[in-house]
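A.B. asks: Please see the structure below; I have some questions.
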Amino acid sequence: MSLLLDLACGGCRKTHDAGTLHNLCTECGKPLMARYDLKAAARTMTPEAMADREPTMWRYREVLPVVNEENIISLGEGGTPLVHAERLGERIGAENLFIKDESVNPTGSFKARGLSMAVSKAKELGATALAIPSAGNAAGAMAAYAAKAGIPAFVFMPADTPSAFITECYGFGAHVELVDGLITDCGKIVAERKEAEGWFDVSTLKEPYRVEGKKTMGYELVEQLGGELPDLILYPAGGGTGLIGMWKAFAEMGELGWVGRKRPRMVAVQAEGCQPIVRAYDQGLPDAPEWENAHTLASGLRVPRAVGDFLMLDAIRRSRGCALAVADEDMIEGVREIGTTEGIFAAPESGAVLMALKSLMKQGLADPAERIILFNTGSGHKYVDNMQSLIVNT
Ligand SMILES: Cc1ncc(COP(=O)(O)O)c(C=O)c1O
Ligand SMILES: [Zn+2]
């Protein structure tokens, strides 16, 4: 049973009642974060109890927001493999390299976790239509879960999003609108029209529960590593919800007594053509001004401005991590390297993450013996039209 207490603003800390639909903080416009009775959760989330639970993200039910189990809209999300990447590790000189392979989630990406949670909770709180601005994967996931819930879905994507992302949404019966612009322009349209149309806006971090789904990646990592945290996590950051979610999960697990005080170094990886978080990190800024003329083939990283920028930067700095950018051609090389060594067809976002790790190792910022996690956040299949340079004569 959920031990959800309330929502607290990540900016001004004002609390909000968790019994009604919310977007951003009514006081300051920053993201709201769910709080739970962690003392009570510690009594039931014991190793013995966890051993008997289902291998999906719903095994963490005390620290998830859905109150009535009947409202859970599930397609089998979470419980993804943590692959010991021995061949890739040997090639790059990392002895304890793991890939958290999120591409096996329903709809082929980690977005399934966040959207399963958000759609379930929206249903529980009475939403009758859902709208989302998306770079691609989130739209497909939202459309799938909304279909399963029987709630109409309205998705807004940049017109130049790779066709597989768009076709998939039609396949799930969503109302699709293609926008001449970026995800931020899609977000503006949703914000302008949602009231008149009766849509509940499930934009990442403007809706409080997608991050609760994504945080389960952090819980899973610890369980899969035998109760220990890794040393280093590399994550491809657009809106940053997964990074922020995992950081929240580590704090919660500290309170549950699952982990000690040490935290992994969190590394945000972005694209050379859209790197607002890297720039803000380098300049020591608390938040990240919009990146102009954003472009990259890794559509999930084409996010010029993120509402959770300050939370991401805080997690990166407090963990003594960093932020770095990778060029598109290098991402494709990363995809090839992951594929040829580990048999995983990764999204370009994840190719970027591998190249970022190689760069950290070269600079002596990652140690060969450390336990390192690369996130494969999505499958490469939906990007094939944009990765033709993988094709070579053999
Ligand atoms: C494959 C993939 N990786 C990473 C991201 C970025 O995720 P986040 O917005 O949680 O930072 C996205 C977002 O669309 C994505 O589709
Ligand atoms: Zn606030």
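Convention: chains lettered A, B, ... in structure tokens order; per-chain residue numbering from 1; ligands numbered from 1 as shown.
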As a PyMOL selection string, please: the residues near Met57 in chain A (cut-off 7 Å, only C-alpha atoms, same-chain neighbours under 5 positions excluded).
C.D. replies: chain A and resi 77-79+216
A.B. asks: Could you list, as an mmCIF file with N, CA, C and O atoms, in the first residue's frame, all residues that come within 10 Å of ligand 2? Count only C-alpha atoms and all ligand atoms.
C.D. replies:
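Result went into out.cif, see below:
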data_model
loop_
_atom_site.group_PDB
_atom_site.id
_atom_site.type_symbol
_atom_site.label_atom_id
_atom_site.label_comp_id
_atom_site.auth_asym_id
_atom_site.auth_seq_id
_atom_site.Cartn_x
_atom_site.Cartn_y
_atom_site.Cartn_z
ATOM 1 N N ALA A 8 5.786 18.209 -1.852
ATOM 2 C CA ALA A 8 6.514 19.392 -1.383
ATOM 3 C C ALA A 8 7.230 20.023 -2.567
ATOM 4 O O ALA A 8 7.811 19.317 -3.405
ATOM 5 N N CYS A 9 7.195 21.328 -2.659
ATOM 6 C CA CYS A 9 7.850 22.027 -3.766
ATOM 7 C C CYS A 9 9.372 21.863 -3.680
ATOM 8 O O CYS A 9 9.961 22.039 -2.610
ATOM 9 N N GLY A 10 9.966 21.535 -4.825
ATOM 10 C CA GLY A 10 11.417 21.385 -4.887
ATOM 11 C C GLY A 10 12.137 22.735 -4.813
ATOM 12 O O GLY A 10 13.344 22.784 -4.610
ATOM 13 N N GLY A 11 11.398 23.823 -4.962
ATOM 14 C CA GLY A 11 11.984 25.156 -4.851
ATOM 15 C C GLY A 11 11.730 25.755 -3.479
ATOM 16 O O GLY A 11 12.638 25.864 -2.649
ATOM 17 N N CYS A 12 10.446 26.113 -3.193
ATOM 18 C CA CYS A 12 10.141 26.860 -1.955
ATOM 19 C C CYS A 12 9.673 25.973 -0.802
ATOM 20 O O CYS A 12 9.412 26.482 0.288
ATOM 21 N N ARG A 13 9.518 24.656 -1.035
ATOM 22 C CA ARG A 13 9.131 23.671 -0.014
ATOM 23 C C ARG A 13 7.656 23.724 0.373
ATOM 24 O O ARG A 13 7.228 22.972 1.234
ATOM 25 N N LYS A 14 6.863 24.618 -0.204
ATOM 26 C CA LYS A 14 5.439 24.662 0.130
ATOM 27 C C LYS A 14 4.809 23.289 -0.123
ATOM 28 O O LYS A 14 5.072 22.657 -1.140
ATOM 29 N N THR A 15 3.964 22.851 0.814
ATOM 30 C CA THR A 15 3.346 21.529 0.637
ATOM 31 C C THR A 15 1.998 21.666 -0.073
ATOM 32 O O THR A 15 1.309 22.676 0.037
ATOM 33 N N HIS A 16 1.656 20.598 -0.816
ATOM 34 C CA HIS A 16 0.408 20.548 -1.574
ATOM 35 C C HIS A 16 -0.271 19.218 -1.256
ATOM 36 O O HIS A 16 0.401 18.184 -1.133
ATOM 37 N N LEU A 24 2.677 22.356 -11.463
ATOM 38 C CA LEU A 24 3.789 22.963 -10.723
ATOM 39 C C LEU A 24 3.306 23.602 -9.426
ATOM 40 O O LEU A 24 2.098 23.748 -9.192
ATOM 41 N N CYS A 25 4.250 24.002 -8.578
ATOM 42 C CA CYS A 25 3.948 24.649 -7.299
ATOM 43 C C CYS A 25 3.076 25.893 -7.528
ATOM 44 O O CYS A 25 3.379 26.721 -8.392
ATOM 45 N N THR A 26 2.024 25.999 -6.744
ATOM 46 C CA THR A 26 1.106 27.123 -6.902
ATOM 47 C C THR A 26 1.739 28.433 -6.411
ATOM 48 O O THR A 26 1.270 29.519 -6.721
ATOM 49 N N GLU A 27 2.814 28.321 -5.646
ATOM 50 C CA GLU A 27 3.467 29.510 -5.090
ATOM 51 C C GLU A 27 4.580 30.030 -6.020
ATOM 52 O O GLU A 27 4.618 31.206 -6.342
ATOM 53 N N CYS A 28 5.470 29.111 -6.439
ATOM 54 C CA CYS A 28 6.671 29.588 -7.145
ATOM 55 C C CYS A 28 6.875 28.969 -8.532
ATOM 56 O O CYS A 28 7.840 29.308 -9.218
ATOM 57 N N GLY A 29 6.006 28.031 -8.930
ATOM 58 C CA GLY A 29 6.108 27.468 -10.276
ATOM 59 C C GLY A 29 7.219 26.451 -10.481
ATOM 60 O O GLY A 29 7.594 26.162 -11.621
ATOM 61 N N LYS A 30 7.755 25.905 -9.388
ATOM 62 C CA LYS A 30 8.789 24.864 -9.522
ATOM 63 C C LYS A 30 8.137 23.472 -9.384
ATOM 64 O O LYS A 30 6.997 23.354 -8.926
ATOM 65 N N PRO A 31 8.893 22.397 -9.714
ATOM 66 C CA PRO A 31 8.310 21.044 -9.645
ATOM 67 C C PRO A 31 7.972 20.604 -8.217
ATOM 68 O O PRO A 31 8.659 20.968 -7.258
ATOM 69 N N LEU A 32 6.912 19.807 -8.119
ATOM 70 C CA LEU A 32 6.490 19.250 -6.834
ATOM 71 C C LEU A 32 7.036 17.830 -6.696
ATOM 72 O O LEU A 32 7.058 17.077 -7.670
#
A.B. asks: Neighbouring residues of Ser134 in chain A were defined as those with any atom within 6 Å, considering only C-alpha atoms; residues of the same chain fewer than 2 positions away were excluded. Please report them as JSON, numbers by chain.
C.D. replies: {"A": [136, 138, 139, 157, 183]}
A.B. asks: Could the residues in this selection be written to a file with N, CA, C and O atoms, as a compact mmCIF listing (two decimals), in the first residue's frame?
C.D. replies:
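Full text of out.txt as output:
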# COMPACT_ATOMS: atom_id res chain seq x y z
N GLY A 136 9.78 12.23 -28.36
CA GLY A 136 9.56 10.98 -29.07
C GLY A 136 9.15 9.82 -28.18
O GLY A 136 8.01 9.38 -28.20
N ALA A 138 8.63 9.52 -24.97
CA ALA A 138 7.60 9.76 -23.94
C ALA A 138 6.21 9.75 -24.57
O ALA A 138 5.25 9.28 -23.95
N ALA A 139 6.10 10.26 -25.79
CA ALA A 139 4.79 10.29 -26.45
C ALA A 139 4.27 8.88 -26.67
O ALA A 139 3.10 8.58 -26.39
N MET A 157 4.63 16.56 -30.84
CA MET A 157 6.04 16.26 -31.10
C MET A 157 6.57 17.20 -32.18
O MET A 157 5.80 17.61 -33.08
N ILE A 183 10.64 20.67 -28.52
CA ILE A 183 9.78 20.17 -27.44
C ILE A 183 9.27 21.34 -26.58
O ILE A 183 8.14 21.30 -26.08
A.B. asks: Once you count only C-alpha atoms and all ligand atoms, which residues end up within 8 Å of ligand 1, and could you hand them over as number ranges by chain?
C.D. replies: A: 109-111, 134-138, 204, 214, 235-243, 298-301, 303, 347-350, 376-379
A.B. asks: Name the residues of range 165-282 of chain A that come out as strand (DSSP E or B) in a backbone DSSP run; write them as a count of residues only.
C.D. replies: 22
A.B. asks: Residues near Glu342 in chain A, anyone? I mean within 7 Å using only C-alpha atoms, not counting same-chain ones fewer than 3 positions away, as a PyMOL selection string.
C.D. replies: chain A and resi 85+87-88+338-339
A.B. asks: Excluding Glu70 in chain A and its own-chain neighbours fewer than 3 positions away, which residues fall within 9 Å of it when counting only C-alpha atoms? Please give them as a PyMOL selection string.
C.D. replies: chain A and resi 67+73+124
A.B. asks: Now that the selection is made, can you save its residues with N, CA, C and O atoms as a short mmCIF file (atom, residue, chain, number, x, y, z; two decimals), in the first residue's frame?
C.D. replies:
data_model
loop_
_atom_site.label_atom_id
_atom_site.label_comp_id
_atom_site.auth_asym_id
_atom_site.auth_seq_id
_atom_site.Cartn_x
_atom_site.Cartn_y
_atom_site.Cartn_z
N VAL A 67 -2.56 4.91 -4.74
CA VAL A 67 -3.14 4.50 -3.46
C VAL A 67 -3.94 3.21 -3.62
O VAL A 67 -3.81 2.28 -2.84
N ILE A 73 -1.99 1.03 -14.02
CA ILE A 73 -2.02 0.70 -15.44
C ILE A 73 -0.63 0.17 -15.79
O ILE A 73 0.34 0.92 -15.83
N GLU A 124 -6.33 7.73 -11.17
CA GLU A 124 -6.80 7.68 -9.77
C GLU A 124 -7.40 9.01 -9.34
O GLU A 124 -8.36 9.05 -8.58
#
A.B. asks: Could you list, as a list in words, every residue within 6 Å of range 187-203 of chain A, counting only C-alpha atoms and ignoring same-chain residues fewer than 5 positions away?
C.D. replies: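 Everything that qualifies: Ala129, Leu130, Ala131, Ile132 and Pro133 of chain A.
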A.B. asks: Could you write out the selected residues, including all heavy atoms, as a compact mmCIF listing (two decimals), in the first residue's frame?
C.D. replies:
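Dumped to result_10.txt:
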# COMPACT_ATOMS: atom_id res chain seq x y z
N ALA A 129 -8.62 13.37 -19.86
CA ALA A 129 -7.85 13.43 -21.11
C ALA A 129 -6.44 13.89 -20.75
O ALA A 129 -6.27 14.73 -19.85
CB ALA A 129 -8.49 14.43 -22.08
N LEU A 130 -5.45 13.34 -21.45
CA LEU A 130 -4.06 13.64 -21.10
C LEU A 130 -3.34 14.24 -22.29
O LEU A 130 -3.58 13.84 -23.43
CB LEU A 130 -3.34 12.34 -20.69
CG LEU A 130 -3.98 11.56 -19.55
CD1 LEU A 130 -3.25 10.22 -19.36
CD2 LEU A 130 -3.96 12.36 -18.25
N ALA A 131 -2.45 15.20 -22.02
CA ALA A 131 -1.67 15.81 -23.10
C ALA A 131 -0.20 15.82 -22.73
O ALA A 131 0.16 15.97 -21.55
CB ALA A 131 -2.14 17.25 -23.34
N ILE A 132 0.65 15.65 -23.75
CA ILE A 132 2.10 15.59 -23.49
C ILE A 132 2.89 16.22 -24.63
O ILE A 132 2.61 15.95 -25.80
CB ILE A 132 2.54 14.11 -23.28
CG1 ILE A 132 3.94 14.02 -22.67
CG2 ILE A 132 2.47 13.30 -24.57
CD1 ILE A 132 4.29 12.62 -22.19
N PRO A 133 3.87 17.06 -24.31
CA PRO A 133 4.86 17.46 -25.30
C PRO A 133 5.99 16.45 -25.20
O PRO A 133 6.38 16.05 -24.10
CB PRO A 133 5.32 18.83 -24.81
CG PRO A 133 5.06 18.83 -23.34
CD PRO A 133 4.05 17.77 -23.02
A.B. asks: In Å to one decimal, how far is CA of Ala249 in chain A from CA of Pro208 in chain A?
C.D. replies: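 Result for CA of Pro208 in chain A versus CA of Ala249 in chain A: 14.5 Å, one decimal.
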A.B. asks: What's the separation between CA of Arg318 in chain A and CA of Ala268 in chain A, in Å to one decimal place?
C.D. replies: 13.0 Å
A.B. asks: Could you state the separation of CA of Lys121 in chain A and CA of Met33 in chain A in Å, given to one decimal place?
C.D. replies: 13.9 Å
A.B. asks: Find, counting only C-alpha atoms, the residue in A:Tyr383, A:Trp247, A:Phe375, A:Trp258 that gets nearest to Arg317 in chain A.
C.D. replies: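 For Arg317 in chain A, the nearest of the candidates is A:Trp247.
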A.B. asks: When you look at Ala144 in chain A with a cut-off of 9 Å (counting only C-alpha atoms), what residues show up, excluding the ones that are within fewer than 3 positions of it in the same chain? I need them as a list of chain:residue names.
C.D. replies: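 Returned residues: A:Leu75, A:Pro106, A:Thr107, A:Ala112, A:Leu115, A:Ser116, A:Ala139, A:Gly140, A:Ala141, A:Ala147, A:Lys148, A:Ala149, A:Ala153, A:Glu168, A:Cys169, A:Gly171, A:Phe172, A:Gly173, A:Ala174.
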A.B. asks: With all heavy atoms kept, could you save the residues just selected as a compact mmCIF listing (two decimals), in the first residue's frame?
C.D. replies:
# COMPACT_ATOMS: atom_id res chain seq x y z
N LEU A 75 1.98 -2.41 -18.10
CA LEU A 75 2.29 -3.25 -19.27
C LEU A 75 3.55 -4.08 -18.98
O LEU A 75 4.18 -4.59 -19.90
CB LEU A 75 2.49 -2.36 -20.51
CG LEU A 75 1.27 -1.58 -21.01
CD1 LEU A 75 1.69 -0.49 -22.00
CD2 LEU A 75 0.26 -2.51 -21.66
N PRO A 106 8.24 -1.86 -21.94
CA PRO A 106 7.18 -1.66 -22.93
C PRO A 106 7.41 -0.35 -23.69
O PRO A 106 7.84 0.63 -23.09
CB PRO A 106 5.92 -1.54 -22.06
CG PRO A 106 6.26 -2.25 -20.79
CD PRO A 106 7.73 -2.05 -20.57
N THR A 107 7.15 -0.36 -24.96
CA THR A 107 7.39 0.74 -25.91
C THR A 107 8.89 1.07 -26.08
O THR A 107 9.25 2.09 -26.65
CB THR A 107 6.58 2.04 -25.63
OG1 THR A 107 7.05 2.67 -24.43
CG2 THR A 107 5.09 1.78 -25.53
N ALA A 112 8.58 4.35 -20.19
CA ALA A 112 7.46 3.53 -19.73
C ALA A 112 7.26 3.65 -18.22
O ALA A 112 6.13 3.70 -17.74
CB ALA A 112 7.71 2.06 -20.10
N LEU A 115 5.63 7.10 -17.39
CA LEU A 115 4.26 7.28 -17.92
C LEU A 115 3.30 6.25 -17.35
O LEU A 115 2.11 6.56 -17.17
CB LEU A 115 4.28 7.27 -19.44
CG LEU A 115 4.53 8.64 -20.10
CD1 LEU A 115 3.64 9.74 -19.49
CD2 LEU A 115 5.96 9.09 -20.01
N SER A 116 3.76 5.07 -17.01
CA SER A 116 2.89 4.12 -16.32
C SER A 116 2.43 4.75 -15.00
O SER A 116 1.25 4.71 -14.63
CB SER A 116 3.65 2.81 -16.06
OG SER A 116 2.91 1.96 -15.22
N ALA A 139 6.10 10.26 -25.79
CA ALA A 139 4.79 10.29 -26.45
C ALA A 139 4.27 8.88 -26.67
O ALA A 139 3.10 8.58 -26.39
CB ALA A 139 4.89 11.03 -27.78
N GLY A 140 5.14 8.00 -27.16
CA GLY A 140 4.73 6.61 -27.40
C GLY A 140 4.32 5.94 -26.10
O GLY A 140 3.30 5.22 -26.05
N ALA A 141 5.09 6.16 -25.06
CA ALA A 141 4.77 5.54 -23.77
C ALA A 141 3.45 6.08 -23.23
O ALA A 141 2.58 5.33 -22.79
CB ALA A 141 5.90 5.79 -22.77
N ALA A 147 -3.98 4.38 -23.69
CA ALA A 147 -4.84 3.41 -24.39
C ALA A 147 -5.29 2.33 -23.42
O ALA A 147 -6.47 1.98 -23.35
CB ALA A 147 -4.08 2.81 -25.58
N LYS A 148 -4.35 1.82 -22.66
CA LYS A 148 -4.65 0.74 -21.71
C LYS A 148 -5.62 1.22 -20.62
O LYS A 148 -6.44 0.46 -20.11
CB LYS A 148 -3.33 0.25 -21.09
CG LYS A 148 -3.44 -0.86 -20.09
CD LYS A 148 -3.33 -2.22 -20.73
CE LYS A 148 -3.30 -3.32 -19.67
NZ LYS A 148 -4.07 -4.49 -20.09
N ALA A 149 -5.51 2.51 -20.28
CA ALA A 149 -6.40 3.09 -19.26
C ALA A 149 -7.76 3.50 -19.83
O ALA A 149 -8.69 3.78 -19.09
CB ALA A 149 -5.73 4.31 -18.62
N ALA A 153 -5.53 10.39 -25.40
CA ALA A 153 -4.17 10.94 -25.31
C ALA A 153 -3.95 11.95 -26.44
O ALA A 153 -4.27 11.67 -27.60
CB ALA A 153 -3.15 9.81 -25.43
N GLU A 168 4.10 5.06 -34.15
CA GLU A 168 3.75 4.30 -32.94
C GLU A 168 2.58 4.96 -32.20
O GLU A 168 1.66 4.29 -31.75
CB GLU A 168 4.99 4.25 -32.04
CG GLU A 168 4.77 3.64 -30.70
CD GLU A 168 6.01 3.76 -29.82
OE1 GLU A 168 6.62 4.85 -29.75
OE2 GLU A 168 6.35 2.77 -29.20
N CYS A 169 2.60 6.28 -32.11
CA CYS A 169 1.52 6.98 -31.39
C CYS A 169 0.18 6.77 -32.09
O CYS A 169 -0.84 6.57 -31.44
CB CYS A 169 1.83 8.47 -31.28
SG CYS A 169 3.19 8.78 -30.15
N GLY A 171 -0.52 4.19 -33.79
CA GLY A 171 -0.83 2.80 -33.50
C GLY A 171 -1.52 2.61 -32.16
O GLY A 171 -2.26 1.66 -31.95
N PHE A 172 -1.26 3.52 -31.24
CA PHE A 172 -1.90 3.46 -29.92
C PHE A 172 -3.17 4.32 -29.87
O PHE A 172 -3.74 4.51 -28.79
CB PHE A 172 -0.93 3.91 -28.82
CG PHE A 172 0.23 2.99 -28.63
CD1 PHE A 172 1.54 3.48 -28.59
CD2 PHE A 172 0.04 1.62 -28.48
CE1 PHE A 172 2.62 2.62 -28.41
CE2 PHE A 172 1.12 0.76 -28.30
CZ PHE A 172 2.41 1.26 -28.27
N GLY A 173 -3.57 4.87 -31.00
CA GLY A 173 -4.83 5.60 -31.06
C GLY A 173 -4.77 7.01 -30.48
O GLY A 173 -5.82 7.59 -30.17
N ALA A 174 -3.57 7.55 -30.37
CA ALA A 174 -3.46 8.91 -29.82
C ALA A 174 -3.83 9.97 -30.86
O ALA A 174 -3.78 9.70 -32.07
CB ALA A 174 -2.03 9.16 -29.36
A.B. asks: If you run DSSP on the backbone here, which positions in range 140-245 of chain A get helix (DSSP H, G or I)? Please write them as a JSON list (two decimals) with C-alpha atoms, in the first residue's frame.
C.D. replies:
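Below you can see result-v8.json, which holds the result:
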[["chain", "number", "residue", "atom", "x", "y", "z"],
["A", 140, "GLY", "CA", 4.73, 6.61, -27.40],
["A", 141, "ALA", "CA", 4.77, 5.54, -23.77],
["A", 142, "MET", "CA", 2.02, 7.96, -22.80],
["A", 143, "ALA", "CA", -0.11, 6.89, -25.75],
["A", 144, "ALA", "CA", 0.29, 3.21, -24.83],
["A", 145, "TYR", "CA", -0.62, 3.63, -21.16],
["A", 146, "ALA", "CA", -3.48, 6.00, -21.94],
["A", 147, "ALA", "CA", -4.84, 3.41, -24.39],
["A", 148, "LYS", "CA", -4.65, 0.74, -21.71],
["A", 149, "ALA", "CA", -6.40, 3.09, -19.26],
["A", 163, "SER", "CA", 8.91, 8.57, -38.10],
["A", 164, "ALA", "CA", 8.83, 5.46, -35.88],
["A", 165, "PHE", "CA", 7.99, 7.60, -32.84],
["A", 166, "ILE", "CA", 5.11, 9.23, -34.68],
["A", 167, "THR", "CA", 3.67, 6.09, -36.29],
["A", 168, "GLU", "CA", 3.75, 4.30, -32.94],
["A", 169, "CYS", "CA", 1.52, 6.98, -31.39],
["A", 170, "TYR", "CA", -1.04, 6.51, -34.16],
["A", 171, "GLY", "CA", -0.83, 2.80, -33.50],
["A", 183, "ILE", "CA", 9.78, 20.17, -27.44],
["A", 184, "THR", "CA", 9.64, 23.53, -25.65],
["A", 185, "ASP", "CA", 7.30, 24.83, -28.39],
["A", 186, "CYS", "CA", 5.17, 21.70, -27.98],
["A", 187, "GLY", "CA", 5.04, 22.41, -24.24],
["A", 188, "LYS", "CA", 3.84, 25.96, -24.89],
["A", 189, "ILE", "CA", 0.96, 24.68, -27.03],
["A", 190, "VAL", "CA", -0.13, 22.22, -24.34],
["A", 191, "ALA", "CA", 0.03, 24.96, -21.70],
["A", 192, "GLU", "CA", -2.02, 27.36, -23.84],
["A", 193, "ARG", "CA", -4.76, 24.91, -24.78],
["A", 194, "LYS", "CA", -5.05, 22.55, -21.82],
["A", 195, "GLU", "CA", -7.66, 24.49, -19.89],
["A", 196, "ALA", "CA", -10.07, 24.96, -22.77],
["A", 197, "GLU", "CA", -9.61, 21.37, -23.96],
["A", 210, "ARG", "CA", 6.65, 10.63, -13.73],
["A", 211, "VAL", "CA", 9.73, 11.15, -11.59],
["A", 212, "GLU", "CA", 8.32, 8.62, -9.11],
["A", 213, "GLY", "CA", 8.25, 6.00, -11.85],
["A", 214, "LYS", "CA", 11.75, 6.88, -13.02],
["A", 216, "THR", "CA", 12.54, 3.00, -9.45],
["A", 217, "MET", "CA", 15.67, 2.67, -11.64],
["A", 218, "GLY", "CA", 17.63, 3.72, -8.56],
["A", 219, "TYR", "CA", 15.92, 1.17, -6.33],
["A", 220, "GLU", "CA", 16.53, -1.57, -8.87],
["A", 221, "LEU", "CA", 20.22, -0.74, -9.21],
["A", 222, "VAL", "CA", 20.74, -1.19, -5.49],
["A", 223, "GLU", "CA", 18.83, -4.45, -5.37],
["A", 224, "GLN", "CA", 20.66, -5.77, -8.43],
["A", 241, "THR", "CA", 13.79, 13.20, -14.77],
["A", 242, "GLY", "CA", 15.66, 9.91, -14.42],
["A", 243, "LEU", "CA", 18.70, 11.53, -12.86],
["A", 244, "ILE", "CA", 16.58, 13.56, -10.45],
["A", 245, "GLY", "CA", 14.46, 10.50, -9.71]]
A.B. asks: So, counting only C-alpha atoms, which residue among A:Leu256, A:Leu182, A:Glu95, A:Met1 is closest to Glu290 in chain A?
C.D. replies: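 Smallest separation from Glu290 in chain A among the options: A:Leu182.
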A.B. asks: Looking at A:Ser389, A:Ser74, A:Thr128, A:Ser359, which one is nearest to Glu333 in chain A, with distances taken over only C-alpha atoms?
C.D. replies: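 Of the candidates, the smallest distance to Glu333 in chain A is held by A:Ser389.
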A.B. asks: Counting only C-alpha atoms, which of A:Lys215, A:Pro152, A:Ser120, A:Leu82 gets nearest to Asn96 in chain A?
C.D. replies: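 Closest residue, counting only C-alpha atoms: A:Leu82.
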